[in-house]
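Read the structure below first, then the notes.
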Amino acid sequence: MANGLSRPPLLRLLIDLVYLPLHARRQGFDAIVTLANFGPVWTPVPHIVFQRNALHFSEEFFERIRGLANLNWRLRAWLTVAEMRGATVTVTPTDAMAELIKKRHPSLAGKRFHTLPHGTDLSRFTAVQSTAPVDPSGRFVFLYPTKPEIYKGFEILLEATEYLAAERDDFEVRVTTDDRGWPGEIQDRIDSAREQAWFSRLSFIGPQPADRMPEVYRETDAIVYPSLCESFGFPLLESMACGLPIIAGDLAVNRELCREAAEYYPARSSEVCAAAMQKLLSDSRCRAALAGASRQRIADQDWSWDHYARNFVELCESVSSGE
């Protein structure tokens, strides 16, 4: 069957809700696997649903979008919940996302969930051993690997940068986006800050191709990760593989991935985020401890695609056999 993602939404919905279940019955499928968040709400065979988009279940996100966009996302969320109610098992990339779903929709609390962390290739991301600033000028370089989305918490980083710049000027905050193209209210905050002296502490280095990211990390002293909603966090894995200390919002998903490799702050507190940045700037022992914890966290778990594939096949086999 052609990829449903390339079809018009209503046609894809018709295929998911009507054609696919009937086709599965006629063809005698052992199971249906839905990889793209949306799929049938009823199937005649076991159904494995992969849920990878935490935005469908984030109140924080819904509070930030308005009008037709809000209605569209709520409809999509309703469909995902209906699908999970009829599924044999729902697969999430983290325990934290499964708990987010169940907290948002208590009717799903008794359903079967399975955590299967994403696979990734970390072979190009090598650990930096030194805790001295990497910038030749001696400035300490923070990096936020991100994209211009409303839920990425960039306004928190803006305010934290302003707080920190009031105390010192020997740092730079690099962001892997342009300074244009952010959602309205965040773009307004960026524009209103341009004339402030502290704004020069920010460097918008633009979107970076995947093959350049290892070099971007090597030019970095620490990661700041203020995102408010994630189902996983590939930048966190890449940062830890590079042995970088991390400052992250205190979200369950961040703690699950990073464990002791991050300095956590209340997710919406820009002031405490700035204090954590100040701590890393000032305390080389703290940086070294977090860097060591980053390297150890990556070593403690197999993040490879081979490992992912083996677990994926085992799950499919167990579900299709009725286990």
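Naming works like this for the structure tokens: A, B, ... for the chains as they're shown, residue 1 at the start of each chain, ligands 1 onward in shown order.
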
- Can you tell me, as a PyMOL selection string, what residues are no more than 12 Å from region 291-295 of chain A when counting only C-alpha atoms, ignoring any on the same chain fewer than 6 positions away? chain A and resi 122+125-131+221-223+236-247+257-263+280+284-285+301

Selected residues written out with N, CA and C atoms, as a compact mmCIF listing (two decimals), in the first residue's frame:
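Wrote result_27.txt, looks like this:
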# COMPACT_ATOMS: atom_id res chain seq x y z
N LEU A 122 25.34 7.10 17.07
CA LEU A 122 26.14 8.06 17.82
C LEU A 122 27.63 7.92 17.53
N PHE A 125 29.73 11.08 17.16
CA PHE A 125 29.73 12.03 18.27
C PHE A 125 30.70 11.55 19.34
N THR A 126 31.87 12.17 19.39
CA THR A 126 32.92 11.73 20.29
C THR A 126 33.09 12.69 21.45
N ALA A 127 33.47 12.15 22.59
CA ALA A 127 33.54 12.92 23.82
C ALA A 127 34.71 13.89 23.80
N VAL A 128 34.46 15.10 24.31
CA VAL A 128 35.50 16.11 24.52
C VAL A 128 36.00 15.96 25.95
N GLN A 129 37.30 15.81 26.14
CA GLN A 129 37.84 15.49 27.46
C GLN A 129 38.12 16.74 28.31
N SER A 130 38.46 17.86 27.68
CA SER A 130 38.87 19.05 28.42
C SER A 130 37.66 19.81 28.96
N THR A 131 37.82 20.44 30.14
CA THR A 131 36.77 21.30 30.70
C THR A 131 37.10 22.78 30.50
N ASP A 221 30.80 24.25 25.03
CA ASP A 221 31.20 23.90 26.40
C ASP A 221 30.09 23.24 27.19
N ALA A 222 28.84 23.61 26.92
CA ALA A 222 27.71 23.04 27.66
C ALA A 222 26.43 23.22 26.86
N ILE A 223 25.46 22.38 27.14
CA ILE A 223 24.16 22.40 26.47
C ILE A 223 23.13 23.02 27.40
N LEU A 236 19.89 15.53 23.29
CA LEU A 236 20.43 15.15 24.58
C LEU A 236 21.36 13.95 24.45
N LEU A 237 20.96 12.96 23.66
CA LEU A 237 21.83 11.80 23.45
C LEU A 237 23.12 12.22 22.75
N GLU A 238 23.01 13.04 21.72
CA GLU A 238 24.20 13.49 21.01
C GLU A 238 25.13 14.27 21.93
N SER A 239 24.55 15.10 22.77
CA SER A 239 25.35 15.90 23.71
C SER A 239 26.07 15.01 24.70
N MET A 240 25.37 14.00 25.22
CA MET A 240 26.00 13.09 26.17
C MET A 240 27.08 12.26 25.49
N ALA A 241 26.84 11.85 24.24
CA ALA A 241 27.86 11.10 23.51
C ALA A 241 29.13 11.93 23.34
N CYS A 242 28.97 13.26 23.27
CA CYS A 242 30.11 14.17 23.17
C CYS A 242 30.69 14.52 24.54
N GLY A 243 30.13 13.95 25.60
CA GLY A 243 30.63 14.21 26.94
C GLY A 243 30.41 15.62 27.42
N LEU A 244 29.31 16.23 27.01
CA LEU A 244 29.04 17.62 27.39
C LEU A 244 28.16 17.71 28.63
N PRO A 245 28.42 18.65 29.50
CA PRO A 245 27.49 18.91 30.60
C PRO A 245 26.21 19.53 30.06
N ILE A 246 25.10 19.24 30.73
CA ILE A 246 23.79 19.66 30.24
C ILE A 246 23.04 20.40 31.33
N ILE A 247 22.34 21.46 30.93
CA ILE A 247 21.36 22.14 31.77
C ILE A 247 20.02 21.93 31.11
N LEU A 257 16.13 10.39 30.29
CA LEU A 257 17.22 10.25 29.33
C LEU A 257 18.58 10.58 29.94
N CYS A 258 18.64 11.66 30.70
CA CYS A 258 19.94 12.16 31.17
C CYS A 258 20.36 11.62 32.54
N ARG A 259 19.39 11.34 33.38
CA ARG A 259 19.69 10.90 34.75
C ARG A 259 20.64 11.89 35.43
N GLU A 260 21.85 11.45 35.83
CA GLU A 260 22.76 12.34 36.57
C GLU A 260 23.61 13.22 35.65
N ALA A 261 23.34 13.18 34.36
CA ALA A 261 24.20 13.92 33.41
C ALA A 261 23.75 15.36 33.19
N ALA A 262 22.75 15.83 33.92
CA ALA A 262 22.24 17.18 33.71
C ALA A 262 22.03 17.90 35.03
N GLU A 263 22.14 19.20 34.96
CA GLU A 263 21.73 20.10 36.05
C GLU A 263 20.32 20.55 35.71
N LEU A 280 27.64 26.47 36.05
CA LEU A 280 28.54 25.76 35.14
C LEU A 280 29.69 26.65 34.68
N SER A 284 34.31 24.40 37.54
CA SER A 284 34.88 23.40 36.62
C SER A 284 34.66 21.99 37.15
N ARG A 285 34.61 21.82 38.47
CA ARG A 285 34.37 20.49 39.03
C ARG A 285 32.96 20.01 38.69
N GLN A 301 23.77 2.10 28.09
CA GLN A 301 22.62 1.62 27.33
C GLN A 301 22.98 1.50 25.85

- Mind the document's chain letters and residue numbers, and return as a list of chain:residue names the residues of region 191-265 of chain A that DSSP labels alpha helix (DSSP H).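 Output for region 191-265 of chain A, alpha helix (DSSP H) only: A:Asp191, A:Ser192, A:Ala193, A:Met213, A:Pro214, A:Glu215, A:Val216, A:Tyr217, A:Arg218, A:Phe234, A:Pro235, A:Leu236, A:Leu237, A:Glu238, A:Ser239, A:Met240, A:Ala241, A:Ala252, A:Val253, A:Asn254, A:Arg255, A:Glu256, A:Leu257, A:Cys258.
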
Include N, CA and C atoms and write out the residues we just selected as a PDB file, in the first residue's frame.
ATOM      1  N   ASP A 191      12.477  40.267  18.617  1.00  0.00           N
ATOM      2  CA  ASP A 191      12.609  41.579  17.974  1.00  0.00           C
ATOM      3  C   ASP A 191      12.719  42.701  18.995  1.00  0.00           C
ATOM      4  N   SER A 192      11.959  42.597  20.074  1.00  0.00           N
ATOM      5  CA  SER A 192      11.983  43.654  21.087  1.00  0.00           C
ATOM      6  C   SER A 192      13.286  43.658  21.879  1.00  0.00           C
ATOM      7  N   ALA A 193      14.008  42.537  21.848  1.00  0.00           N
ATOM      8  CA  ALA A 193      15.263  42.452  22.609  1.00  0.00           C
ATOM      9  C   ALA A 193      16.485  42.852  21.788  1.00  0.00           C
ATOM     10  N   MET A 213      26.741  18.524  12.772  1.00  0.00           N
ATOM     11  CA  MET A 213      26.439  18.620  14.194  1.00  0.00           C
ATOM     12  C   MET A 213      27.565  18.116  15.105  1.00  0.00           C
ATOM     13  N   PRO A 214      28.275  17.039  14.763  1.00  0.00           N
ATOM     14  CA  PRO A 214      29.391  16.657  15.646  1.00  0.00           C
ATOM     15  C   PRO A 214      30.394  17.787  15.849  1.00  0.00           C
ATOM     16  N   GLU A 215      30.693  18.541  14.785  1.00  0.00           N
ATOM     17  CA  GLU A 215      31.614  19.677  14.904  1.00  0.00           C
ATOM     18  C   GLU A 215      30.999  20.792  15.750  1.00  0.00           C
ATOM     19  N   VAL A 216      29.694  21.029  15.597  1.00  0.00           N
ATOM     20  CA  VAL A 216      29.024  22.054  16.404  1.00  0.00           C
ATOM     21  C   VAL A 216      29.141  21.719  17.888  1.00  0.00           C
ATOM     22  N   TYR A 217      28.955  20.459  18.229  1.00  0.00           N
ATOM     23  CA  TYR A 217      29.088  20.053  19.632  1.00  0.00           C
ATOM     24  C   TYR A 217      30.527  20.205  20.115  1.00  0.00           C
ATOM     25  N   ARG A 218      31.491  19.899  19.258  1.00  0.00           N
ATOM     26  CA  ARG A 218      32.894  20.035  19.667  1.00  0.00           C
ATOM     27  C   ARG A 218      33.280  21.484  19.916  1.00  0.00           C
ATOM     28  N   PHE A 234      16.768  13.574  20.942  1.00  0.00           N
ATOM     29  CA  PHE A 234      18.003  13.202  20.255  1.00  0.00           C
ATOM     30  C   PHE A 234      19.159  14.152  20.567  1.00  0.00           C
ATOM     31  N   PRO A 235      18.930  15.484  20.663  1.00  0.00           N
ATOM     32  CA  PRO A 235      20.058  16.366  21.009  1.00  0.00           C
ATOM     33  C   PRO A 235      20.687  16.030  22.361  1.00  0.00           C
ATOM     34  N   LEU A 236      19.886  15.529  23.290  1.00  0.00           N
ATOM     35  CA  LEU A 236      20.434  15.154  24.585  1.00  0.00           C
ATOM     36  C   LEU A 236      21.361  13.948  24.451  1.00  0.00           C
ATOM     37  N   LEU A 237      20.964  12.959  23.657  1.00  0.00           N
ATOM     38  CA  LEU A 237      21.826  11.795  23.445  1.00  0.00           C
ATOM     39  C   LEU A 237      23.121  12.215  22.751  1.00  0.00           C
ATOM     40  N   GLU A 238      23.006  13.044  21.724  1.00  0.00           N
ATOM     41  CA  GLU A 238      24.197  13.485  21.010  1.00  0.00           C
ATOM     42  C   GLU A 238      25.127  14.274  21.928  1.00  0.00           C
ATOM     43  N   SER A 239      24.549  15.105  22.773  1.00  0.00           N
ATOM     44  CA  SER A 239      25.346  15.903  23.712  1.00  0.00           C
ATOM     45  C   SER A 239      26.074  15.006  24.701  1.00  0.00           C
ATOM     46  N   MET A 240      25.367  14.001  25.221  1.00  0.00           N
ATOM     47  CA  MET A 240      25.997  13.091  26.174  1.00  0.00           C
ATOM     48  C   MET A 240      27.084  12.261  25.494  1.00  0.00           C
ATOM     49  N   ALA A 241      26.842  11.851  24.242  1.00  0.00           N
ATOM     50  CA  ALA A 241      27.862  11.098  23.515  1.00  0.00           C
ATOM     51  C   ALA A 241      29.132  11.933  23.340  1.00  0.00           C
ATOM     52  N   ALA A 252      10.087  15.054  33.212  1.00  0.00           N
ATOM     53  CA  ALA A 252      10.290  13.619  33.397  1.00  0.00           C
ATOM     54  C   ALA A 252      11.082  13.015  32.244  1.00  0.00           C
ATOM     55  N   VAL A 253      10.812  13.469  31.019  1.00  0.00           N
ATOM     56  CA  VAL A 253      11.510  12.891  29.864  1.00  0.00           C
ATOM     57  C   VAL A 253      12.995  13.217  29.913  1.00  0.00           C
ATOM     58  N   ASN A 254      13.364  14.421  30.354  1.00  0.00           N
ATOM     59  CA  ASN A 254      14.776  14.787  30.452  1.00  0.00           C
ATOM     60  C   ASN A 254      15.488  13.972  31.521  1.00  0.00           C
ATOM     61  N   ARG A 255      14.837  13.784  32.664  1.00  0.00           N
ATOM     62  CA  ARG A 255      15.444  12.984  33.735  1.00  0.00           C
ATOM     63  C   ARG A 255      15.598  11.527  33.310  1.00  0.00           C
ATOM     64  N   GLU A 256      14.618  11.022  32.565  1.00  0.00           N
ATOM     65  CA  GLU A 256      14.707   9.635  32.112  1.00  0.00           C
ATOM     66  C   GLU A 256      15.891   9.438  31.175  1.00  0.00           C
ATOM     67  N   LEU A 257      16.127  10.386  30.287  1.00  0.00           N
ATOM     68  CA  LEU A 257      17.221  10.250  29.332  1.00  0.00           C
ATOM     69  C   LEU A 257      18.577  10.577  29.942  1.00  0.00           C
ATOM     70  N   CYS A 258      18.642  11.664  30.702  1.00  0.00           N
ATOM     71  CA  CYS A 258      19.938  12.163  31.165  1.00  0.00           C
ATOM     72  C   CYS A 258      20.364  11.625  32.536  1.00  0.00           C
TER      73      CYS A 258
END

- Tell me, as a list in words, which residues lie within 9 Å of Arg104 (chain A), counting only C-alpha atoms; anything in the same chain fewer than 5 positions away does not count.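 Here the qualifying residues turn out to be Phe57, Ser58, Glu59 and Glu99 of chain A.
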
Keeping only C-alpha atoms, take the residues you just selected and write them out as a PDB file, in the first residue's frame.
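The resulting again-v1.pdb:
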ATOM      1  CA  PHE A  57      -1.010  15.218  25.004  1.00  0.00           C
ATOM      2  CA  SER A  58       0.565  18.463  26.240  1.00  0.00           C
ATOM      3  CA  GLU A  59      -1.652  21.029  27.942  1.00  0.00           C
ATOM      4  CA  GLU A  99       2.794   8.611  31.706  1.00  0.00           C
TER       5      GLU A  99
END

- Residue with smallest distance to Thr146 (chain A) - pool A:Gly86, A:Pro226, A:Arg124, A:Ile186, counting only C-alpha atoms: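 Among A:Gly86, A:Pro226, A:Arg124, A:Ile186, it is A:Pro226 that comes nearest to Thr146 (chain A).
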
- Message: Give me the residues near Thr120 (chain A) as a ChimeraX atom specification, where near means some atom within 7 Å (using only C-alpha atoms) and where sequence neighbours in that chain fewer than 3 positions away do not count.
- Response: /A:303-305

For C-alpha atoms, I'd like the residues from the last selection saved as a PDB file, in the first residue's frame.
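Result file follows (selection.pdb):
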ATOM      1  CA  TRP A 303      21.156   3.139  21.640  1.00  0.00           C
ATOM      2  CA  SER A 304      21.940   1.503  18.282  1.00  0.00           C
ATOM      3  CA  TRP A 305      19.489   0.869  15.452  1.00  0.00           C
TER       4      TRP A 305
END

- Out of A:Pro266, A:Pro209, A:Gly233, A:Pro40, which residue has the shortest atom-to-atom distance to Thr94 (chain A) when counting only C-alpha atoms?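 Using only C-alpha atoms, the shortest distance to Thr94 (chain A) belongs to A:Gly233.
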
- Message: Show me, as a list in words, the residues that have an atom within 8 Å of Val45 (chain A) when counting only C-alpha atoms, minus same-chain residues fewer than 2 positions from it.
- Response: Ala24, Arg25, Phe29, Asp30, Ala31, Ile32, Thr43 and His47 of chain A

Go ahead and save the picked residues with C-alpha atoms, as a PDB file, in the first residue's frame.
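Output file out-v6.pdb is given in full below:
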ATOM      1  CA  ALA A  24      -6.438  -6.902   6.998  1.00  0.00           C
ATOM      2  CA  ARG A  25      -9.319  -9.316   7.423  1.00  0.00           C
ATOM      3  CA  PHE A  29      -2.772 -10.281   8.387  1.00  0.00           C
ATOM      4  CA  ASP A  30      -1.185 -11.391  11.663  1.00  0.00           C
ATOM      5  CA  ALA A  31      -1.040  -7.830  13.001  1.00  0.00           C
ATOM      6  CA  ILE A  32      -1.201  -4.167  12.008  1.00  0.00           C
ATOM      7  CA  THR A  43      -8.896  -3.790  13.705  1.00  0.00           C
ATOM      8  CA  HIS A  47      -2.789  -3.655  16.515  1.00  0.00           C
TER       9      HIS A  47
END

Distance query region 8-13 of chain A at most 9 Å, only C-alpha atoms, self and fewer than 4 positions along chain excluded, as an mmCIF file with N, CA and C atoms, in the first residue's frame:
data_model
loop_
_atom_site.group_PDB
_atom_site.id
_atom_site.type_symbol
_atom_site.label_atom_id
_atom_site.label_comp_id
_atom_site.auth_asym_id
_atom_site.auth_seq_id
_atom_site.Cartn_x
_atom_site.Cartn_y
_atom_site.Cartn_z
ATOM 1 N N GLY A 4 0.377 6.338 3.448
ATOM 2 C CA GLY A 4 -0.802 7.158 3.702
ATOM 3 C C GLY A 4 -0.484 8.598 4.002
ATOM 4 N N LEU A 17 -9.717 4.127 8.697
ATOM 5 C CA LEU A 17 -10.893 3.714 9.471
ATOM 6 C C LEU A 17 -11.694 2.594 8.812
ATOM 7 N N VAL A 18 -11.663 2.520 7.483
ATOM 8 C CA VAL A 18 -12.529 1.559 6.781
ATOM 9 C C VAL A 18 -11.725 0.541 5.978
ATOM 10 N N PHE A 38 -1.147 8.005 13.725
ATOM 11 C CA PHE A 38 -2.554 7.830 13.380
ATOM 12 C C PHE A 38 -2.767 6.498 12.675
ATOM 13 N N GLY A 39 -3.927 5.876 12.942
ATOM 14 C CA GLY A 39 -4.248 4.610 12.306
ATOM 15 C C GLY A 39 -5.679 4.215 12.601
ATOM 16 N N PRO A 40 -6.034 2.953 12.359
ATOM 17 C CA PRO A 40 -7.409 2.499 12.586
ATOM 18 C C PRO A 40 -7.803 2.577 14.058
#

- Item | Per-residue DSSP, region 28-264 of chain A, filtered to strand (DSSP E), as a PyMOL selection string | chain A and resi 32-34+47-50+89-92+113-115+140-144+171-175+202-204+222-225+246-249+262-264

- Query: Between A:Met84, A:Glu172, A:Thr161, A:Gly322, which is the closest to Gln196 (chain A) once you count only C-alpha atoms?
  - Reply: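 Using only C-alpha atoms, Gln196 (chain A) sits closest to A:Thr161.
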
- Query: With distances taken over only C-alpha atoms, which of A:Gly206, A:Arg74, A:Leu164, A:Arg112 is nearest to Val272 (chain A)?
  - Reply: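 Counting only C-alpha atoms, the residue closest to Val272 (chain A) is A:Leu164.
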
- Using CA of Leu143 (chain A) and CA of Gly181 (chain A) as the two end points, give the distance in Å to one decimal.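 CA of Gly181 (chain A) lies at a distance of 19.1 Å from CA of Leu143 (chain A).
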
- Which one is closest to Val175 (chain A): A:Gly153, A:Pro117, A:Pro44, A:Pro145? Count only C-alpha atoms.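 Among A:Gly153, A:Pro117, A:Pro44, A:Pro145, it is A:Pro145 that comes nearest to Val175 (chain A).
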
- Item | For CA of Ser269 (chain A) and CA of Thr220 (chain A), the interatomic separation in Å (one decimal) |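 Result for CA of Ser269 (chain A) versus CA of Thr220 (chain A): 23.3 Å, one decimal.
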
- Which of these residues is nearest to Glu162 (chain A), using only C-alpha atoms: A:Ile65, A:Ala288, A:Ala274, A:Val141? A:Ala274

- Message: Taking 2 positions as the minimum chain separation for residues in the same chain, which residues sit within 8 Å of Leu35 (chain A) when counting only C-alpha atoms? Answer as a list in words.
- Response: Val33, Asn37, Phe38, Val49, Phe50 and Gln51 of chain A

Output of the above residues as a compact mmCIF listing (two decimals), in the first residue's frame, restricted to N, CA and C atoms:
# COMPACT_ATOMS: atom_id res chain seq x y z
N VAL A 33 0.70 -2.70 12.27
CA VAL A 33 1.61 -1.81 12.99
C VAL A 33 1.43 -0.40 12.45
N ASN A 37 1.66 7.64 14.29
CA ASN A 37 0.74 8.25 15.27
C ASN A 37 -0.73 7.99 14.98
N PHE A 38 -1.15 8.00 13.73
CA PHE A 38 -2.55 7.83 13.38
C PHE A 38 -2.77 6.50 12.68
N VAL A 49 0.40 0.28 18.06
CA VAL A 49 0.36 1.71 17.75
C VAL A 49 1.60 2.39 18.32
N PHE A 50 2.35 3.06 17.47
CA PHE A 50 3.49 3.85 17.93
C PHE A 50 3.06 5.30 18.09
N GLN A 51 3.21 5.83 19.30
CA GLN A 51 2.92 7.23 19.57
C GLN A 51 4.22 7.95 19.87
